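J.: Here you go, one structure.
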Amino acid sequence: MSISTVEDLSFYSNVEPNQQRFTEVVKTFQTNFPGDDITFFARSPGRVNLIGDHIDYNFFPVLPMAIANDVIAAVNVNSTNEIIITNTDAKDFPKEVITLSNSQIDQEHHSWANYFKCALIVAKQYLEERGVTSLKGMKLTFNGNVPTGGGLSSSAAFCVASTLAIIRANGITDLTKQDLTRITVVSEHYVGVNTGGMDQCASVCGEPDKLLLIEFKPKLTAKPFKLPIQDLTFVITNSLQVSNKHETAPIHYNLRVVEMGIAADLLVKKLGLEQVPNDSNIGTASLRGVMDAKFGHSWDGNDATVGIEQLTEMINVVEEKLTNQKGYSIEECCRELDITAKEFDQRYLSQFPVKFDTLKLYQRAKHVYKESLRVLKTLKLISTATDKESFLIKFGRLMNESQVDLDELNESSNKKLNELCSVALANGSYGSRVTGAGWGGSIVHLTTVDKVDALIEGLINNYYKVEFPNITPAELDDAIINSKPSMGSCIITTDFLKR
Ligand code: ATP
Ligand code: GLA
Ligand code: MG
């Protein structure tokens, strides 16, 4: 299916505030580039993951939705040999000039231009596939209302919107959702964050009023579907602890990728499995690959009952085989894997730098299989739901169990995030959990429409005003997002500006 091109802003469920953002982006564009025309707009949304975190890079299905908050870009296409990027928030994202011949990322200086260059790298590769080798110059002005470092993937919204803008600017009008997803899932690897594919896929494939079941094997697909129960809603609250994924990658995100890769290799060895693909982002086995090999066939992802049986067994396998609950040292890993320290370094530590005292292989692998099991239990619940109250209680329970494991096994929650969850549960949430990478960012709460106001009031009084006594109404407004599932990436023509 191709990426949509729309002629106005009616796809937003709340048009008015977005109309104002477009007015602002046009005004800033005209100030930055006087006399230049806007050729088109590109946009892509953030996402919230409802359940299934830190499992996408192990290729287990996840359940996110695209949110209304997005990144928009006014784009001018020209014949120069440079791309100029500007932003309505010029303080945080000052003007940068990128020459077309140099998309090299400056790892020493963290700047938003690096994220744009990620988009340029993957767009260039795709354009080459399509026979376009000489790129157009561009002038862009961005505006984003996905909080940065807020766990709602502003980075994917930004990278996908930028990639789409570059591809359209170079004359490709039939880009498919599959291709835009395929090329952008690796985009952030170029800034050194070894992400899975959930965020980009949700940003591209989001649909109004629908959740997404994203599967990674046998191939990356997004299946949009509606919840069978009415009147329930997901409230998102930003803890206002900014989680900078790029800077903390060596001790947080990328370390999880490494720990899970080592855990997978160790399970392959201990179970005596053969022909397990080295399909993880760092070229090790993956925990999904281990499961498929142990059961002698590739679980097709559609049969939740089989998946549930297999994942339950995999949790037992972790208990039996990864017995060092205190954490593995490099020496112990080498001994168990029967490799030298040099080989260990080459296989696990050479691609993305990581820092650790011990490797928590037992905890991370157990989290992955337990969290993946919860996704399948949620899917089963959805497919059999009839009674609203029982659905809410059961789904809420799965979300709460997820939060406990994110905190204790995956160690990607923290005190404030746990506090935000507890306050919410005492004020009308059925289930509350950290969404996305964690280590800060946002919590997603499951509740019903009639309980939203009380929930928000409880959170304001018992979390925000306690943690941030000087918080302003505008800051509170930005921190609490009550978004319906929204449409994924699209191009917007400039027609509506003339009306
Ligand atoms: P998470 O990955 O936890 O969901 P996130 O994606 O919001 O949170 P990061 O992965 O750290 O946070 O990415 C944030 C970076 O994305 C910013 O530092 C900036 O480089 C880029 N970015 C996001 N939104 C914008 C925007 N509106 N304008 C310019 N750059 C942006
Ligand atoms: C980040 C990554 C995703 C995913 C989540 C955790 O958002 O970009 O690929 O791994 O963390 O579920
Ligand atoms: Mg991000």
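Letters for chains follow the order of the structure tokens (A, B, ...), residue numbers begin at 1 for each chain, and ligand numbers begin at 1 in the order shown.
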Could you give me, as a compact mmCIF listing (two decimals) with all heavy atoms, in the first residue's frame, every polymer residue with an atom at most 8 Å away from an atom of ligand 2, counting only C-alpha atoms and all ligand atoms?
T.:
# COMPACT_ATOMS: atom_id res chain seq x y z
N ASN A 49 3.47 2.40 22.86
CA ASN A 49 3.37 0.94 22.85
C ASN A 49 2.52 0.51 24.03
O ASN A 49 2.79 0.89 25.17
CB ASN A 49 4.76 0.32 22.92
CG ASN A 49 4.70 -1.18 22.68
OD1 ASN A 49 3.76 -1.66 22.03
ND2 ASN A 49 5.67 -1.92 23.19
N GLY A 52 4.49 -4.97 25.38
CA GLY A 52 5.53 -5.64 24.61
C GLY A 52 6.76 -4.76 24.42
O GLY A 52 7.06 -4.36 23.30
N ASP A 53 7.47 -4.46 25.52
CA ASP A 53 8.67 -3.63 25.35
C ASP A 53 9.97 -4.42 25.54
O ASP A 53 10.04 -5.37 26.31
CB ASP A 53 8.62 -2.42 26.28
CG ASP A 53 7.85 -1.29 25.61
OD1 ASP A 53 8.20 -0.96 24.46
OD2 ASP A 53 6.88 -0.77 26.20
N HIS A 54 10.96 -3.98 24.77
CA HIS A 54 12.28 -4.62 24.71
C HIS A 54 12.17 -6.05 24.19
O HIS A 54 12.93 -6.93 24.61
CB HIS A 54 13.00 -4.56 26.07
CG HIS A 54 13.46 -3.17 26.36
ND1 HIS A 54 14.67 -2.69 25.94
CD2 HIS A 54 12.83 -2.13 26.97
CE1 HIS A 54 14.79 -1.42 26.30
NE2 HIS A 54 13.68 -1.05 26.91
N ILE A 55 11.21 -6.27 23.32
CA ILE A 55 11.13 -7.60 22.69
C ILE A 55 11.17 -7.49 21.17
O ILE A 55 11.37 -8.48 20.49
CB ILE A 55 9.87 -8.38 23.14
CG1 ILE A 55 8.57 -7.66 22.76
CG2 ILE A 55 9.91 -8.63 24.64
CD1 ILE A 55 7.32 -8.50 23.01
N ASP A 56 10.99 -6.26 20.61
CA ASP A 56 10.95 -6.17 19.13
C ASP A 56 12.28 -6.57 18.52
O ASP A 56 12.33 -7.23 17.48
CB ASP A 56 10.49 -4.78 18.64
CG ASP A 56 11.42 -3.63 19.01
OD1 ASP A 56 12.25 -3.79 19.94
OD2 ASP A 56 11.31 -2.56 18.37
N TYR A 57 13.40 -6.23 19.21
CA TYR A 57 14.69 -6.60 18.64
C TYR A 57 15.03 -8.06 18.89
O TYR A 57 16.10 -8.53 18.53
CB TYR A 57 15.81 -5.65 19.08
CG TYR A 57 15.91 -5.36 20.55
CD1 TYR A 57 16.70 -6.13 21.38
CD2 TYR A 57 15.21 -4.29 21.11
CE1 TYR A 57 16.80 -5.86 22.73
CE2 TYR A 57 15.29 -4.00 22.47
CZ TYR A 57 16.09 -4.80 23.27
OH TYR A 57 16.19 -4.52 24.61
N GLY A 151 9.82 9.01 25.39
CA GLY A 151 9.39 7.62 25.25
C GLY A 151 8.32 7.40 24.21
O GLY A 151 7.79 6.31 24.07
N LEU A 152 8.00 8.45 23.44
CA LEU A 152 6.94 8.32 22.44
C LEU A 152 7.51 8.36 21.02
O LEU A 152 6.81 8.59 20.04
CB LEU A 152 5.87 9.41 22.64
CG LEU A 152 5.26 9.42 24.05
CD1 LEU A 152 4.30 10.59 24.23
CD2 LEU A 152 4.55 8.10 24.35
N SER A 153 8.81 8.18 20.97
CA SER A 153 9.54 8.07 19.73
C SER A 153 9.46 9.28 18.80
O SER A 153 9.07 9.18 17.64
CB SER A 153 9.14 6.79 18.98
OG SER A 153 10.29 6.36 18.30
N ALA A 156 11.74 8.52 15.84
CA ALA A 156 11.19 7.80 14.67
C ALA A 156 10.30 8.75 13.87
O ALA A 156 10.37 8.77 12.63
CB ALA A 156 10.41 6.58 15.11
N ASN A 194 20.87 1.11 18.78
CA ASN A 194 20.65 -0.16 18.08
C ASN A 194 19.19 -0.62 18.20
O ASN A 194 18.92 -1.71 18.70
CB ASN A 194 21.60 -1.18 18.70
CG ASN A 194 21.92 -2.28 17.74
OD1 ASN A 194 21.31 -2.38 16.67
ND2 ASN A 194 22.83 -3.14 18.13
N THR A 195 18.26 0.22 17.72
CA THR A 195 16.83 -0.01 17.94
C THR A 195 16.27 -1.18 17.14
O THR A 195 16.84 -1.61 16.14
CB THR A 195 16.05 1.24 17.51
OG1 THR A 195 16.42 1.56 16.18
CG2 THR A 195 16.34 2.41 18.40
N GLY A 196 15.08 -1.66 17.60
CA GLY A 196 14.33 -2.65 16.83
C GLY A 196 13.49 -1.91 15.79
O GLY A 196 13.81 -0.76 15.46
N GLY A 197 12.41 -2.51 15.33
CA GLY A 197 11.67 -1.86 14.24
C GLY A 197 10.29 -1.34 14.61
O GLY A 197 9.56 -0.83 13.76
N MET A 198 9.93 -1.46 15.89
CA MET A 198 8.56 -1.11 16.27
C MET A 198 8.19 0.35 15.98
O MET A 198 7.11 0.62 15.42
CB MET A 198 8.38 -1.36 17.78
CG MET A 198 7.12 -0.73 18.34
SD MET A 198 6.80 -1.21 20.02
CE MET A 198 8.10 -0.36 20.91
N ASP A 199 9.06 1.29 16.36
CA ASP A 199 8.68 2.71 16.32
C ASP A 199 8.43 3.18 14.90
O ASP A 199 7.44 3.87 14.62
CB ASP A 199 9.79 3.57 16.93
CG ASP A 199 10.12 3.15 18.35
OD1 ASP A 199 9.37 2.34 18.91
OD2 ASP A 199 11.14 3.63 18.87
N GLN A 200 9.35 2.82 14.01
CA GLN A 200 9.24 3.29 12.63
C GLN A 200 8.03 2.64 11.97
O GLN A 200 7.28 3.31 11.23
CB GLN A 200 10.52 2.95 11.85
CG GLN A 200 11.78 3.64 12.36
CD GLN A 200 12.34 3.02 13.65
OE1 GLN A 200 11.95 1.93 14.06
NE2 GLN A 200 13.24 3.74 14.29
N TYR A 253 20.13 1.12 26.57
CA TYR A 253 19.49 0.43 25.44
C TYR A 253 20.43 -0.56 24.73
O TYR A 253 20.10 -1.74 24.59
CB TYR A 253 18.92 1.45 24.45
CG TYR A 253 17.98 0.80 23.47
CD1 TYR A 253 16.62 0.70 23.75
CD2 TYR A 253 18.46 0.23 22.30
CE1 TYR A 253 15.75 0.05 22.88
CE2 TYR A 253 17.61 -0.42 21.43
CZ TYR A 253 16.26 -0.50 21.72
OH TYR A 253 15.41 -1.14 20.86
N THR A 435 6.18 3.00 28.70
CA THR A 435 6.05 2.65 27.29
C THR A 435 7.34 2.98 26.54
O THR A 435 7.99 3.99 26.83
CB THR A 435 4.85 3.38 26.66
OG1 THR A 435 4.68 2.96 25.32
CG2 THR A 435 4.99 4.90 26.70
N GLY A 436 7.73 2.12 25.61
CA GLY A 436 8.94 2.37 24.83
C GLY A 436 10.18 1.95 25.60
O GLY A 436 10.14 1.04 26.43
N ALA A 437 11.25 2.66 25.36
CA ALA A 437 12.54 2.23 25.92
C ALA A 437 12.61 2.35 27.43
O ALA A 437 13.21 1.52 28.10
CB ALA A 437 13.66 3.05 25.29
N GLY A 438 11.99 3.39 28.01
CA GLY A 438 12.06 3.57 29.47
C GLY A 438 13.26 4.39 29.90
O GLY A 438 13.75 5.21 29.13
J.: I need the residues in region 37-247 of chain A that are helix (DSSP H, G or I) according to DSSP; give them as a ChimeraX atom specification.
T.: /A:56-58,112-129,154-169,177-184,187-191,198-205,245-247
J.: What's the 8 Å shell around Val452 (chain A), counting only C-alpha atoms, without same-chain residues fewer than 5 positions away, as a compact mmCIF listing (two decimals) with N, CA and C atoms, in the first residue's frame?
T.:
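The resulting file, out_28.txt, is reproduced below:
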# COMPACT_ATOMS: atom_id res chain seq x y z
N VAL A 235 -4.47 6.75 28.32
CA VAL A 235 -3.95 8.07 28.67
C VAL A 235 -2.44 7.94 28.78
N GLY A 428 -7.93 5.35 39.24
CA GLY A 428 -8.83 4.94 38.16
C GLY A 428 -8.17 4.30 36.95
N THR A 447 -7.74 3.03 30.86
CA THR A 447 -8.89 3.41 31.69
C THR A 447 -10.13 3.54 30.81
J.: Taking 3 positions as the minimum chain separation for residues in the same chain, which residues sit within 8 Å of Thr181 (chain A) when counting only C-alpha atoms? Answer as a PyMOL selection string.
T.: chain A and resi 177-178+184-185+200-201+204
J.: Could the residues in this selection be saved with all heavy atoms as an mmCIF file, in the first residue's frame?
T.:
data_model
loop_
_atom_site.group_PDB
_atom_site.id
_atom_site.type_symbol
_atom_site.label_atom_id
_atom_site.label_comp_id
_atom_site.auth_asym_id
_atom_site.auth_seq_id
_atom_site.Cartn_x
_atom_site.Cartn_y
_atom_site.Cartn_z
ATOM 1 N N LYS A 177 4.215 1.724 2.025
ATOM 2 C CA LYS A 177 4.426 1.684 3.479
ATOM 3 C C LYS A 177 5.485 0.643 3.813
ATOM 4 O O LYS A 177 6.317 0.849 4.695
ATOM 5 C CB LYS A 177 3.110 1.315 4.182
ATOM 6 C CG LYS A 177 2.062 2.399 4.112
ATOM 7 C CD LYS A 177 0.846 2.017 4.932
ATOM 8 C CE LYS A 177 -0.217 3.099 4.791
ATOM 9 N NZ LYS A 177 -1.414 2.827 5.600
ATOM 10 N N GLN A 178 5.435 -0.488 3.099
ATOM 11 C CA GLN A 178 6.407 -1.561 3.368
ATOM 12 C C GLN A 178 7.833 -1.063 3.138
ATOM 13 O O GLN A 178 8.724 -1.305 3.946
ATOM 14 C CB GLN A 178 6.178 -2.773 2.441
ATOM 15 C CG GLN A 178 4.956 -3.595 2.750
ATOM 16 C CD GLN A 178 3.679 -3.013 2.109
ATOM 17 O OE1 GLN A 178 3.627 -1.857 1.689
ATOM 18 N NE2 GLN A 178 2.640 -3.814 2.049
ATOM 19 N N THR A 184 13.516 2.574 6.996
ATOM 20 C CA THR A 184 13.727 3.435 8.179
ATOM 21 C C THR A 184 13.995 2.646 9.461
ATOM 22 O O THR A 184 14.504 3.223 10.422
ATOM 23 C CB THR A 184 12.525 4.380 8.424
ATOM 24 O OG1 THR A 184 11.315 3.609 8.461
ATOM 25 C CG2 THR A 184 12.438 5.445 7.365
ATOM 26 N N VAL A 185 13.676 1.346 9.490
ATOM 27 C CA VAL A 185 13.874 0.610 10.756
ATOM 28 C C VAL A 185 15.341 0.634 11.213
ATOM 29 O O VAL A 185 15.608 0.565 12.409
ATOM 30 C CB VAL A 185 13.373 -0.861 10.727
ATOM 31 C CG1 VAL A 185 11.877 -0.946 10.730
ATOM 32 C CG2 VAL A 185 13.962 -1.643 9.609
ATOM 33 N N GLN A 200 9.351 2.823 14.011
ATOM 34 C CA GLN A 200 9.235 3.291 12.632
ATOM 35 C C GLN A 200 8.030 2.642 11.970
ATOM 36 O O GLN A 200 7.281 3.307 11.232
ATOM 37 C CB GLN A 200 10.518 2.948 11.852
ATOM 38 C CG GLN A 200 11.783 3.635 12.363
ATOM 39 C CD GLN A 200 12.338 3.025 13.651
ATOM 40 O OE1 GLN A 200 11.950 1.929 14.057
ATOM 41 N NE2 GLN A 200 13.237 3.739 14.295
ATOM 42 N N CYS A 201 7.820 1.360 12.238
ATOM 43 C CA CYS A 201 6.691 0.653 11.635
ATOM 44 C C CYS A 201 5.367 1.269 12.106
ATOM 45 O O CYS A 201 4.445 1.494 11.312
ATOM 46 C CB CYS A 201 6.774 -0.826 11.986
ATOM 47 S SG CYS A 201 5.559 -1.813 11.136
ATOM 48 N N VAL A 204 4.852 4.720 10.453
ATOM 49 C CA VAL A 204 4.464 4.642 9.034
ATOM 50 C C VAL A 204 3.044 4.081 8.883
ATOM 51 O O VAL A 204 2.244 4.589 8.091
ATOM 52 C CB VAL A 204 5.450 3.733 8.253
ATOM 53 C CG1 VAL A 204 4.975 3.503 6.819
ATOM 54 C CG2 VAL A 204 6.852 4.326 8.244
#
J.: Taking into account only C-alpha atoms, which residue in the set A:Pro218, A:Gly46, A:Pro61, A:Pro250 is nearest to Ser155 (chain A)?
T.: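 Distance minimum relative to Ser155 (chain A) lands on A:Gly46.
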J.: Rounded to one decimal place, report the CA of Thr88 (chain A)-CA of Pro45 (chain A) distance in Å.
T.: 17.2 Å
J.: Tell me which protein, DNA and RNA residues are within 12 Å of Ile382 (chain A), counting only C-alpha atoms, leaving out same-chain ones fewer than 3 positions away, and put them as a PyMOL selection string.
T.: chain A and resi 63+211+213+225-229+304+375-379+385-388+390-392+394-395
J.: If you run DSSP on the backbone here, which positions in region 198-333 of chain A get strand (DSSP E)? Please write them as number ranges by chain.
T.: A: 211-215, 221-225, 232-238
J.: Can you tell me, as a list in words, what residues are no more than 9 Å from Val26 (chain A) when counting only C-alpha atoms, ignoring any on the same chain fewer than 5 positions away?
T.: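 The residues that qualify are Arg21, Thr31, Ile38, Ala74 and Thr141 of chain A.
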J.: Can you tell me which residues surround Tyr126 (chain A) at a distance of at most 12 Å, considering only C-alpha atoms, apart from same-chain residues fewer than 3 positions away, and format the answer as a list in words?
T.: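 Here the answer would be Ala119, Leu120, Ile121, Val122, Ala123, Glu129, Arg130, Gly131, Val132, Thr133, Leu135, Thr163, Leu164, Ile166, Ile167, Arg168, Asn170, Ile172, Leu175, Thr176, Asp179, Leu180, Thr181, Arg182, Ile183 and Thr184 of chain A.
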J.: When you count only C-alpha atoms, which of these residues is closest to Gly289 (chain A): A:Lys136, A:Arg47, A:Lys465, A:Lys217?
T.: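 The closest residue to Gly289 (chain A) is A:Lys217.
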J.: Which residue is closest to Ile105 (chain A)? Choose from A:Lys451, A:Lys269, A:Lys117, A:Lys139 and count only C-alpha atoms.
T.: A:Lys117
J.: Report, in Å with one decimal, the straight-line distance from CA of Lys210 (chain A) to CA of Ser486 (chain A).
T.: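 According to the coordinates, CA of Lys210 (chain A) and CA of Ser486 (chain A) are separated by 7.6 Å.
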J.: Between A:Ser134, A:Ser154, A:Asn14, A:Asn400, which has the minimum distance to ligand 1 (counting only C-alpha atoms and all ligand atoms)?
T.: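 Ranking A:Ser134, A:Ser154, A:Asn14, A:Asn400 by distance to ligand 1, first place goes to A:Ser154.
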J.: Nearest to ligand 3 among A:Glu24, A:Asp303, A:Asp37, A:Glu247, with distances taken over only C-alpha atoms and all ligand atoms: which residue is it?
T.: A:Glu247
